[in-house]
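This is start06.tsv. It holds TSV, C-alpha atoms.
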```tsv
chain	number	residue	atom	x	y	z
A	276	MET	CA	-35.18	-11.92	43.05
A	277	THR	CA	-33.21	-14.38	40.94
A	278	PHE	CA	-35.71	-14.02	38.08
A	279	ASN	CA	-35.49	-10.25	38.23
A	280	MET	CA	-31.70	-10.36	38.31
A	281	ALA	CA	-31.63	-12.70	35.30
A	282	SER	CA	-34.00	-10.41	33.43
A	283	LEU	CA	-31.80	-7.44	34.22
A	284	VAL	CA	-28.68	-9.22	33.01
A	285	TYR	CA	-30.47	-10.29	29.82
A	286	SER	CA	-31.66	-6.74	29.21
A	287	VAL	CA	-28.17	-5.32	29.71
A	288	LEU	CA	-26.66	-7.89	27.37
A	289	PHE	CA	-29.33	-7.22	24.75
A	290	ILE	CA	-28.70	-3.48	24.89
A	291	PHE	CA	-24.94	-4.07	24.65
A	292	VAL	CA	-25.29	-6.33	21.63
A	293	MET	CA	-27.68	-3.96	19.87
A	294	ALA	CA	-25.39	-1.01	20.57
A	295	HIS	CA	-22.49	-2.94	19.08
A	296	VAL	CA	-24.50	-3.75	15.96
A	297	ILE	CA	-25.50	-0.09	15.55
A	298	GLN	CA	-21.95	1.14	16.13
A	299	GLY	CA	-20.54	-1.36	13.63
A	300	GLN	CA	-23.22	-0.40	11.13
A	301	GLY	CA	-24.10	-4.07	10.58
A	302	LEU	CA	-21.05	-4.73	8.41
A	303	GLN	CA	-19.36	-8.11	8.67
A	304	LYS	CA	-16.12	-9.87	7.97
A	305	GLY	CA	-16.67	-12.58	5.34
A	306	PHE	CA	-20.13	-11.27	4.47
A	307	TYR	CA	-20.02	-12.90	1.01
A	308	SER	CA	-18.07	-16.02	2.00
A	309	LYS	CA	-20.96	-18.31	1.05
A	310	THR	CA	-22.96	-16.24	-1.42
A	311	CYS	CA	-20.15	-14.73	-3.53
A	312	PRO	CA	-16.76	-15.93	-2.27
A	313	LYS	CA	-14.72	-14.41	-5.11
A	314	VAL	CA	-16.03	-10.87	-4.72
A	315	GLU	CA	-12.74	-9.43	-3.42
A	316	ASP	CA	-10.67	-11.24	-6.07
A	317	ILE	CA	-12.91	-9.98	-8.86
A	318	VAL	CA	-12.82	-6.36	-7.66
A	319	LYS	CA	-9.05	-6.51	-7.17
A	320	SER	CA	-8.61	-7.89	-10.68
A	321	SER	CA	-10.65	-5.05	-12.19
A	322	VAL	CA	-8.67	-2.43	-10.26
A	323	GLN	CA	-5.34	-4.04	-11.21
A	324	LYS	CA	-6.29	-4.15	-14.89
A	325	ALA	CA	-7.27	-0.47	-14.91
A	326	PHE	CA	-4.15	0.52	-12.93
A	327	ASN	CA	-1.89	-1.33	-15.38
A	328	ASN	CA	-3.38	0.79	-18.14
A	329	ASP	CA	-3.39	4.11	-16.23
A	330	VAL	CA	-1.89	4.62	-12.77
A	331	THR	CA	-3.92	7.79	-12.24
A	332	VAL	CA	-7.07	5.71	-11.84
A	333	ALA	CA	-5.92	4.86	-8.28
A	334	PRO	CA	-6.54	8.30	-6.74
A	335	GLY	CA	-9.75	8.46	-8.76
A	336	LEU	CA	-11.11	5.33	-7.06
A	337	LEU	CA	-10.06	6.55	-3.62
A	338	ARG	CA	-11.75	9.91	-4.17
A	339	LEU	CA	-14.88	8.15	-5.48
A	340	HIS	CA	-15.27	6.34	-2.16
A	341	PHE	CA	-14.71	9.55	-0.19
A	342	HIS	CA	-17.29	11.51	-2.20
A	343	ASP	CA	-19.75	8.64	-1.90
A	344	CYS	CA	-19.52	8.32	1.88
A	345	PHE	CA	-19.83	12.04	2.62
A	346	VAL	CA	-23.18	12.28	0.82
A	347	GLN	CA	-26.04	9.96	1.87
A	348	GLY	CA	-23.47	7.63	3.44
A	349	CYS	CA	-21.44	4.88	1.76
A	350	ASP	CA	-24.26	3.67	-0.49
A	351	ALA	CA	-22.97	4.12	-4.07
A	352	SER	CA	-25.38	7.03	-4.63
A	353	VAL	CA	-22.53	8.89	-6.36
A	354	LEU	CA	-22.57	6.31	-9.17
A	355	ILE	CA	-26.10	7.06	-10.39
A	356	SER	CA	-26.35	8.65	-13.83
A	357	GLY	CA	-29.12	11.04	-14.82
A	358	THR	CA	-30.35	14.59	-14.41
A	359	SER	CA	-29.59	16.30	-11.09
A	360	THR	CA	-27.92	13.28	-9.49
A	361	GLU	CA	-24.86	13.55	-7.22
A	362	ARG	CA	-22.69	12.68	-10.19
A	363	THR	CA	-23.75	15.89	-11.99
A	364	ALA	CA	-22.83	18.24	-9.11
A	365	PHE	CA	-19.94	20.65	-9.65
A	366	ALA	CA	-17.93	19.11	-6.80
A	367	ASN	CA	-18.13	15.73	-8.56
A	368	ALA	CA	-17.35	16.99	-12.05
A	369	ASN	CA	-13.86	15.47	-12.13
A	370	LEU	CA	-14.62	12.15	-10.44
A	371	ARG	CA	-13.08	9.13	-12.16
A	372	GLY	CA	-13.09	5.36	-11.97
A	373	PHE	CA	-16.74	4.67	-12.78
A	374	GLU	CA	-15.74	2.24	-15.54
A	375	VAL	CA	-13.70	0.19	-13.06
A	376	ILE	CA	-16.70	-0.23	-10.77
A	377	ASP	CA	-18.87	-1.13	-13.76
A	378	ASP	CA	-16.36	-3.73	-14.94
A	379	ALA	CA	-16.26	-5.41	-11.54
A	380	LYS	CA	-20.05	-5.30	-11.24
A	381	THR	CA	-20.53	-6.91	-14.66
A	382	GLN	CA	-18.26	-9.79	-13.67
A	383	LEU	CA	-19.95	-10.17	-10.30
A	384	GLU	CA	-23.41	-10.26	-11.86
A	385	THR	CA	-22.20	-13.21	-13.93
A	386	ALA	CA	-20.56	-14.99	-10.99
A	387	CYS	CA	-23.28	-14.32	-8.39
A	388	PRO	CA	-26.26	-12.34	-9.74
A	389	GLY	CA	-27.96	-9.88	-7.43
A	390	VAL	CA	-25.63	-10.49	-4.49
A	391	ALA	CA	-22.73	-8.01	-4.32
A	392	SER	CA	-23.60	-4.34	-3.84
A	393	CYS	CA	-22.06	-1.47	-5.77
A	394	ALA	CA	-21.33	0.25	-2.42
A	395	ASP	CA	-19.14	-2.66	-1.33
A	396	ILE	CA	-17.37	-2.65	-4.71
A	397	VAL	CA	-16.52	1.04	-4.27
A	398	ALA	CA	-15.14	0.41	-0.76
A	399	LEU	CA	-13.02	-2.53	-1.91
A	400	ALA	CA	-11.74	-0.72	-5.00
A	401	ALA	CA	-10.53	2.22	-2.88
A	402	ARG	CA	-8.60	-0.15	-0.60
A	403	ASP	CA	-7.03	-1.98	-3.55
A	404	ALA	CA	-6.12	1.28	-5.30
A	405	VAL	CA	-4.18	2.49	-2.25
A	406	GLY	CA	-2.27	-0.79	-2.12
A	407	LEU	CA	-1.21	-0.49	-5.75
A	408	THR	CA	0.39	2.91	-5.09
A	409	GLY	CA	2.52	1.59	-2.22
A	410	GLY	CA	0.07	2.35	0.56
A	411	PRO	CA	-1.29	0.09	3.31
A	412	SER	CA	-4.06	-2.48	3.05
A	413	TRP	CA	-6.88	-3.12	5.52
A	414	LEU	CA	-9.83	-5.40	6.17
A	415	VAL	CA	-12.99	-4.05	4.55
A	416	GLU	CA	-16.03	-5.36	6.36
A	417	LEU	CA	-18.87	-5.85	3.89
A	418	GLY	CA	-22.64	-5.89	3.76
A	419	ARG	CA	-23.41	-2.37	2.51
A	420	ARG	CA	-26.52	-2.02	0.38
A	421	ASP	CA	-27.06	0.47	-2.41
A	422	GLY	CA	-29.03	3.65	-1.83
A	423	THR	CA	-32.17	4.64	-3.68
A	424	VAL	CA	-31.65	8.41	-3.56
A	425	SER	CA	-29.09	10.51	-5.44
A	426	SER	CA	-29.47	14.29	-5.58
A	427	ALA	CA	-26.98	16.95	-6.63
A	428	SER	CA	-28.40	19.29	-3.98
A	429	ASP	CA	-27.05	17.01	-1.23
A	430	VAL	CA	-23.44	17.43	-2.37
A	431	SER	CA	-22.99	20.81	-0.68
A	432	ASN	CA	-21.71	19.17	2.51
A	433	LEU	CA	-18.61	17.81	0.77
A	434	PRO	CA	-15.35	19.39	1.95
A	435	ALA	CA	-14.29	22.14	-0.48
A	436	PRO	CA	-10.83	23.50	-1.52
A	437	THR	CA	-11.60	26.90	0.02
A	438	ASP	CA	-12.82	25.60	3.39
A	439	SER	CA	-11.22	26.95	6.55
A	440	VAL	CA	-10.09	24.46	9.18
A	441	ALA	CA	-13.20	25.30	11.23
A	442	ILE	CA	-15.49	24.41	8.34
A	443	GLN	CA	-13.53	21.26	7.55
A	444	ARG	CA	-13.68	20.26	11.21
A	445	LYS	CA	-17.46	20.76	11.26
A	446	LYS	CA	-18.02	18.72	8.10
A	447	PHE	CA	-15.91	15.83	9.38
A	448	SER	CA	-17.36	16.02	12.89
A	449	ASP	CA	-20.86	15.82	11.44
A	450	LYS	CA	-19.84	12.41	10.06
A	451	GLY	CA	-18.43	11.23	13.38
A	452	LEU	CA	-14.83	11.87	12.38
A	453	THR	CA	-12.16	13.54	14.54
A	454	ASP	CA	-9.36	16.00	13.73
A	455	GLN	CA	-7.07	12.98	13.54
A	456	ASP	CA	-9.34	11.45	10.91
A	457	LEU	CA	-9.57	14.78	9.07
A	458	VAL	CA	-5.81	15.19	8.65
A	459	THR	CA	-5.29	11.49	7.97
A	460	LEU	CA	-7.98	11.21	5.29
A	461	VAL	CA	-6.96	14.45	3.58
A	462	GLY	CA	-3.54	12.79	3.40
A	463	ALA	CA	-5.06	10.74	0.59
A	464	TYR	CA	-3.97	13.70	-1.55
A	465	THR	CA	-0.52	12.15	-1.46
A	466	ILE	CA	-1.69	10.65	-4.77
A	467	GLY	CA	-3.63	12.35	-7.53
A	468	ARG	CA	-4.16	15.67	-9.25
A	469	THR	CA	-6.48	18.65	-9.20
A	470	ALA	CA	-7.52	21.27	-11.74
A	471	CYS	CA	-5.92	24.72	-11.99
A	472	GLN	CA	-9.36	26.29	-11.45
A	473	PHE	CA	-9.10	25.34	-7.75
A	474	VAL	CA	-5.66	26.94	-7.40
A	475	GLN	CA	-5.37	29.99	-9.66
A	476	TYR	CA	-7.10	32.40	-7.27
A	477	ARG	CA	-4.38	31.68	-4.67
A	478	LEU	CA	-1.61	32.53	-7.11
A	479	PHE	CA	-2.55	35.92	-8.50
A	480	ASN	CA	-5.44	37.66	-6.72
A	481	TYR	CA	-5.92	36.08	-3.33
A	482	THR	CA	-8.92	37.61	-1.50
A	483	GLY	CA	-9.00	40.40	-4.09
A	484	THR	CA	-5.67	41.87	-3.02
A	485	GLY	CA	-3.89	41.40	-6.33
A	486	ASN	CA	-1.26	39.38	-4.52
A	487	ALA	CA	-0.66	35.67	-3.96
A	488	ASP	CA	-1.64	33.71	-0.85
A	489	PRO	CA	1.19	34.53	1.61
A	490	SER	CA	1.15	30.98	3.01
A	491	ILE	CA	2.65	29.67	-0.26
A	492	SER	CA	6.44	29.42	-0.16
A	493	PRO	CA	8.10	31.79	-2.71
A	494	SER	CA	9.85	29.02	-4.65
A	495	PHE	CA	6.68	26.94	-4.88
A	496	LEU	CA	4.66	29.98	-5.90
A	497	SER	CA	6.77	30.51	-9.01
A	498	GLN	CA	6.40	26.83	-9.91
A	499	MET	CA	2.64	26.99	-9.48
A	500	GLN	CA	2.29	30.20	-11.47
A	501	SER	CA	4.18	28.52	-14.28
A	502	LEU	CA	1.94	25.45	-14.16
A	503	CYS	CA	-1.30	27.46	-13.83
A	504	PRO	CA	-0.87	30.85	-15.57
A	505	GLN	CA	-3.37	33.56	-14.66
A	506	ASN	CA	-5.22	33.33	-17.96
A	507	GLY	CA	-4.27	29.73	-18.69
A	508	ASP	CA	-6.37	26.59	-19.09
A	509	SER	CA	-8.33	26.26	-15.83
A	510	SER	CA	-9.04	22.59	-16.54
A	511	LYS	CA	-5.35	21.65	-16.69
A	512	ARG	CA	-4.51	18.97	-14.12
A	513	ILE	CA	-1.59	19.41	-11.72
A	514	PRO	CA	-0.16	17.15	-8.96
A	515	LEU	CA	-1.55	17.53	-5.44
A	516	ASP	CA	1.67	16.19	-3.93
A	517	LYS	CA	4.76	17.96	-5.25
A	518	GLY	CA	7.35	15.45	-6.38
A	519	SER	CA	5.43	12.30	-5.39
A	520	GLU	CA	2.02	12.27	-7.05
A	521	ASN	CA	1.88	8.53	-7.81
A	522	LYS	CA	3.31	7.17	-4.55
A	523	PHE	CA	1.36	6.81	-1.33
A	524	ASP	CA	3.75	8.29	1.24
A	525	VAL	CA	4.21	11.12	3.75
A	526	SER	CA	5.63	13.71	1.35
A	527	TYR	CA	2.21	15.39	1.25
A	528	PHE	CA	2.61	16.34	4.92
A	529	LYS	CA	6.18	17.52	4.37
A	530	ASN	CA	4.85	19.79	1.64
A	531	LEU	CA	2.28	21.34	4.01
A	532	ARG	CA	5.05	21.93	6.55
A	533	ASP	CA	7.17	23.66	3.89
A	534	GLY	CA	4.37	25.86	2.48
A	535	ASN	CA	3.98	23.72	-0.62
A	536	GLY	CA	0.33	22.76	-0.20
A	537	VAL	CA	-1.58	22.97	-3.48
A	538	LEU	CA	-5.10	23.49	-2.16
A	539	GLU	CA	-5.87	26.30	0.28
A	540	SER	CA	-7.87	23.95	2.54
A	541	ASP	CA	-4.85	21.65	2.80
A	542	GLN	CA	-2.32	24.38	3.60
A	543	ARG	CA	-4.68	25.77	6.26
A	544	LEU	CA	-4.14	22.57	8.25
A	545	TRP	CA	-0.72	24.03	9.12
A	546	SER	CA	-2.28	27.19	10.59
A	547	ASP	CA	-4.46	25.49	13.22
A	548	SER	CA	-2.59	24.32	16.32
A	549	ASN	CA	-4.40	20.99	16.62
A	550	THR	CA	-4.26	19.94	12.98
A	551	LYS	CA	-0.71	21.32	12.69
A	552	SER	CA	0.53	18.96	15.39
A	553	ILE	CA	-0.94	16.00	13.52
A	554	VAL	CA	0.63	17.13	10.24
A	555	GLN	CA	3.93	17.57	12.09
A	556	ASN	CA	3.76	14.06	13.50
A	557	TYR	CA	3.27	12.60	10.03
A	558	ALA	CA	5.87	14.82	8.34
A	559	GLY	CA	8.56	14.34	11.00
A	560	THR	CA	12.21	14.00	10.13
A	561	ILE	CA	12.60	10.24	9.75
A	562	ARG	CA	10.79	9.28	6.58
A	563	GLY	CA	10.54	5.55	7.23
A	564	LEU	CA	9.32	5.75	10.83
A	565	LEU	CA	6.74	8.45	10.20
A	566	GLY	CA	5.65	6.79	6.98
A	567	LEU	CA	4.77	3.72	9.00
A	568	ARG	CA	2.78	5.85	11.45
A	569	PHE	CA	0.67	7.27	8.62
A	570	ASP	CA	0.32	3.79	7.15
A	571	TYR	CA	-1.04	2.65	10.52
A	572	GLU	CA	-3.50	5.52	11.00
A	573	PHE	CA	-4.83	5.75	7.44
A	574	PRO	CA	-6.52	2.32	7.44
A	575	LYS	CA	-8.17	3.09	10.80
A	576	SER	CA	-9.67	6.31	9.46
A	577	MET	CA	-10.72	4.65	6.21
A	578	VAL	CA	-12.58	1.96	8.14
A	579	LYS	CA	-14.41	4.66	10.13
A	580	MET	CA	-15.28	6.58	6.98
A	581	GLY	CA	-16.45	3.38	5.29
A	582	GLU	CA	-19.10	2.95	8.00
A	583	ILE	CA	-20.72	6.37	7.55
A	584	GLY	CA	-24.48	6.05	7.04
A	585	VAL	CA	-24.33	2.58	5.53
A	586	LYS	CA	-27.53	0.76	4.64
A	587	THR	CA	-27.70	-2.89	5.67
A	588	GLY	CA	-30.21	-5.71	6.07
A	589	SER	CA	-33.41	-4.82	4.23
A	590	GLN	CA	-32.47	-1.18	3.66
A	591	GLY	CA	-31.76	0.04	0.15
A	592	GLU	CA	-31.25	-2.44	-2.67
A	593	ILE	CA	-28.66	-4.46	-4.56
A	594	ARG	CA	-28.43	-2.79	-7.95
A	595	LYS	CA	-28.10	-4.83	-11.10
A	596	ILE	CA	-26.32	-1.92	-12.82
A	597	CYS	CA	-24.36	0.47	-10.62
A	598	SER	CA	-25.32	3.61	-12.52
A	599	GLN	CA	-29.06	2.87	-12.35
A	600	PHE	CA	-31.61	2.27	-9.64
A	601	ASN	CA	-33.42	-1.05	-10.02
```
I'd like the structure from this file rewritten - as structure tokens, please.
Amino acid sequence: MTFNMASLVYSVLFIFVMAHVIQGQGLQKGFYSKTCPKVEDIVKSSVQKAFNNDVTVAPGLLRLHFHDCFVQGCDASVLISGTSTERTAFANANLRGFEVIDDAKTQLETACPGVASCADIVALAARDAVGLTGGPSWLVELGRRDGTVSSASDVSNLPAPTDSVAIQRKKFSDKGLTDQDLVTLVGAYTIGRTACQFVQYRLFNYTGTGNADPSISPSFLSQMQSLCPQNGDSSKRIPLDKGSENKFDVSYFKNLRDGNGVLESDQRLWSDSNTKSIVQNYAGTIRGLLGLRFDYEFPKSMVKMGEIGVKTGSQGEIRKICSQFN
């Protein structure tokens, strides 16, 4: 009886431990503490250097991590160059920050060859980029390995500017993310820009009616039409967060509340009762207090996103060059 009870307890403990490992995706605090102790310092230095030269690289690095994790998991598959790779897909056409990842990887290959993965570099660079724009910091558990597959055809599951809330919810849910995570992570658009090609249809001929999207506030509509004329340059870049494009804050949510959302998918978050309440909580009326709330929730959602489909242990590889498979 005692033997059987001990066996049962052991089995339960084993299952618990294994479940914890699976849930945590095998990532660890201090993963490189002995093999490459300066990995975070080297990545941070590369990000800082690039940011000092061009502040717009920050949203680029954050978006790079997002686009990586939503396709094949957080495995640096988005970095691969070549025909028909993720990097060549239309949705990834305006991705930036590759040179920052390459710079950090080159330094790391000198300091500790074959140890630090490109996937971990991308995750760290996103965290450091947010910090440089006034946003929060968070612990990035490490141990991701680099993927060995990168296909443009897999990019279709990325959230798109025309997605309804239902479609956005499905895409995030498929990755284990909640409505809270959806609104919080989309809040990353508090920094950065987008191209007029993703906006012009809302301004002049929305759904073929010949009119503008009625959810856009009249004053903002005139501003947008001036920035993105009907027959103007569709590649022109415009701020995603009116009046605060280089500062990580809650003004993005205030803009959605006021009908000043740039992308249709963002403004739609105000039309769904569940996502609207989350936007409302972040927008609020007391800038400091609500800013702190967003600063608290954003790291939590980033940690969850950073665990999507990661490869650990003997899975994948550690690339020597981030843009090439070994």
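If all atoms listed in the file are the atoms counted, then among A:Ile593, A:Cys393, A:Leu370, A:Leu339 the closest residue to Ala351 of chain A is A:Cys393.
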Practice problem: Tell me which of A:Asp421, A:Asp403, A:Asp547, A:Asp516 sits closest to Asn535 of chain A, counting all atoms listed in the file. | Solution: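 Counting all atoms listed in the file, the residue closest to Asn535 of chain A is A:Asp516.
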Quiz item: Which protein, DNA or RNA residues have an atom at most 10 Å from (3.4, 31.4, 0.2), counting all atoms listed in the file? List them as a list in words.
Solution: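 Taken together, the residues in range are Arg477, Leu478, Ala487, Asp488, Pro489, Ser490, Ile491, Ser492, Pro493, Ser494, Phe495, Leu496, Ser497, Asp533, Gly534, Asn535, Gly536 and Gln542 of chain A.
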Which polymer residues have any atom within 12 Å of an atom of Leu538 of chain A, counting all atoms listed in the file, with same-chain residues fewer than 5 positions away left out, as a PDB file with C-alpha atoms, keeping the file's coordinate frame?
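part17.pdb, written as the output of this step:
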```
ATOM      1  CA  PRO A 434     -15.350  19.390   1.950  1.00  0.00           C
ATOM      2  CA  ALA A 435     -14.290  22.140  -0.480  1.00  0.00           C
ATOM      3  CA  PRO A 436     -10.830  23.500  -1.520  1.00  0.00           C
ATOM      4  CA  THR A 437     -11.600  26.900   0.020  1.00  0.00           C
ATOM      5  CA  ASP A 438     -12.820  25.600   3.390  1.00  0.00           C
ATOM      6  CA  SER A 439     -11.220  26.950   6.550  1.00  0.00           C
ATOM      7  CA  VAL A 461      -6.960  14.450   3.580  1.00  0.00           C
ATOM      8  CA  TYR A 464      -3.970  13.700  -1.550  1.00  0.00           C
ATOM      9  CA  ARG A 468      -4.160  15.670  -9.250  1.00  0.00           C
ATOM     10  CA  THR A 469      -6.480  18.650  -9.200  1.00  0.00           C
ATOM     11  CA  ALA A 470      -7.520  21.270 -11.740  1.00  0.00           C
ATOM     12  CA  CYS A 471      -5.920  24.720 -11.990  1.00  0.00           C
ATOM     13  CA  GLN A 472      -9.360  26.290 -11.450  1.00  0.00           C
ATOM     14  CA  PHE A 473      -9.100  25.340  -7.750  1.00  0.00           C
ATOM     15  CA  VAL A 474      -5.660  26.940  -7.400  1.00  0.00           C
ATOM     16  CA  GLN A 475      -5.370  29.990  -9.660  1.00  0.00           C
ATOM     17  CA  TYR A 476      -7.100  32.400  -7.270  1.00  0.00           C
ATOM     18  CA  ARG A 477      -4.380  31.680  -4.670  1.00  0.00           C
ATOM     19  CA  LEU A 478      -1.610  32.530  -7.110  1.00  0.00           C
ATOM     20  CA  ASP A 488      -1.640  33.710  -0.850  1.00  0.00           C
ATOM     21  CA  SER A 490       1.150  30.980   3.010  1.00  0.00           C
ATOM     22  CA  ILE A 491       2.650  29.670  -0.260  1.00  0.00           C
ATOM     23  CA  MET A 499       2.640  26.990  -9.480  1.00  0.00           C
ATOM     24  CA  ILE A 513      -1.590  19.410 -11.720  1.00  0.00           C
ATOM     25  CA  PRO A 514      -0.160  17.150  -8.960  1.00  0.00           C
ATOM     26  CA  LEU A 515      -1.550  17.530  -5.440  1.00  0.00           C
ATOM     27  CA  ASP A 516       1.670  16.190  -3.930  1.00  0.00           C
ATOM     28  CA  LYS A 517       4.760  17.960  -5.250  1.00  0.00           C
ATOM     29  CA  TYR A 527       2.210  15.390   1.250  1.00  0.00           C
ATOM     30  CA  ASN A 530       4.850  19.790   1.640  1.00  0.00           C
ATOM     31  CA  LEU A 531       2.280  21.340   4.010  1.00  0.00           C
ATOM     32  CA  ARG A 543      -4.680  25.770   6.260  1.00  0.00           C
ATOM     33  CA  LEU A 544      -4.140  22.570   8.250  1.00  0.00           C
TER      34      LEU A 544
END
```
Quiz prompt | Shell of 8 Å around segment 309-313 of chain A, all atoms listed in the file, local chain residues under 6 positions omitted, as a list in words | solution =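 That gives Ala386, Cys387, Val390 and Ala391 of chain A.
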Find the residues near Gln599 of chain A: any atom within 7 Å, counting all atoms listed in the file, skip ones fewer than 3 places away on the same chain, and give them as a PDB file with C-alpha atoms, in the coordinates of the input.
```pdb
ATOM      1  CA  ILE A 355     -26.100   7.060 -10.390  1.00  0.00           C
ATOM      2  CA  SER A 356     -26.350   8.650 -13.830  1.00  0.00           C
ATOM      3  CA  ILE A 596     -26.320  -1.920 -12.820  1.00  0.00           C
TER       4      ILE A 596
END
```
Self-check item: Nearest-residue call for Gly581 of chain A, choices A:Glu416, A:Asp524, A:Asp454, A:Glu361, using only C-alpha atoms
Solution: A:Glu416
Quiz item: Using all atoms listed in the file, which residue out of A:Gln347, A:Ser576, A:Asn480, A:Ser308 lies closest to Trp413 of chain A?
Solution: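 So, comparing all the options, the nearest one is A:Ser576.
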Practice problem: Could you please give me, as a ChimeraX atom specification, the residues of protein, DNA or RNA lying at most 6 Å from (-25.5, -4.1, 5.1) in the coordinate frame of the file, considering all atoms listed in the file? | Solution: /A:301-302,418-420,586-588
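Distances to Thr331 of chain A were evaluated for A:Gly462, A:Gly389, A:Gly372, A:Gly483 using all atoms listed in the file, and the minimum falls at A:Gly372.
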Self-check item: Non-local contacts of Ala401 of chain A (12 Å; all atoms listed in the file; under 2 positions in same chain excluded) as a ChimeraX atom specification
Solution: /A:315,318-319,321-323,332-344,371-373,375-376,394-399,403-408,410-415,463,574,577-578,580-581
Quiz item: Which residue out of A:Val430, A:Val440, A:Ile466, A:Val585 has the minimum interatomic distance to Arg362 of chain A when all atoms listed in the file are used?
Solution: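 Ranked by minimum distance to Arg362 of chain A, first place goes to A:Val430.
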Practice problem: Using atom CA of Ser359 of chain A and atom CA of Ala427 of chain A as the two end points, give the distance in Å to one decimal. | Solution: 5.2 Å
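You will find atom CA of Ile442 of chain A at 13.7 Å from atom CA of Ser546 of chain A.
One finds atom CA of Gln555 of chain A at 10.6 Å from atom CA of Val458 of chain A.
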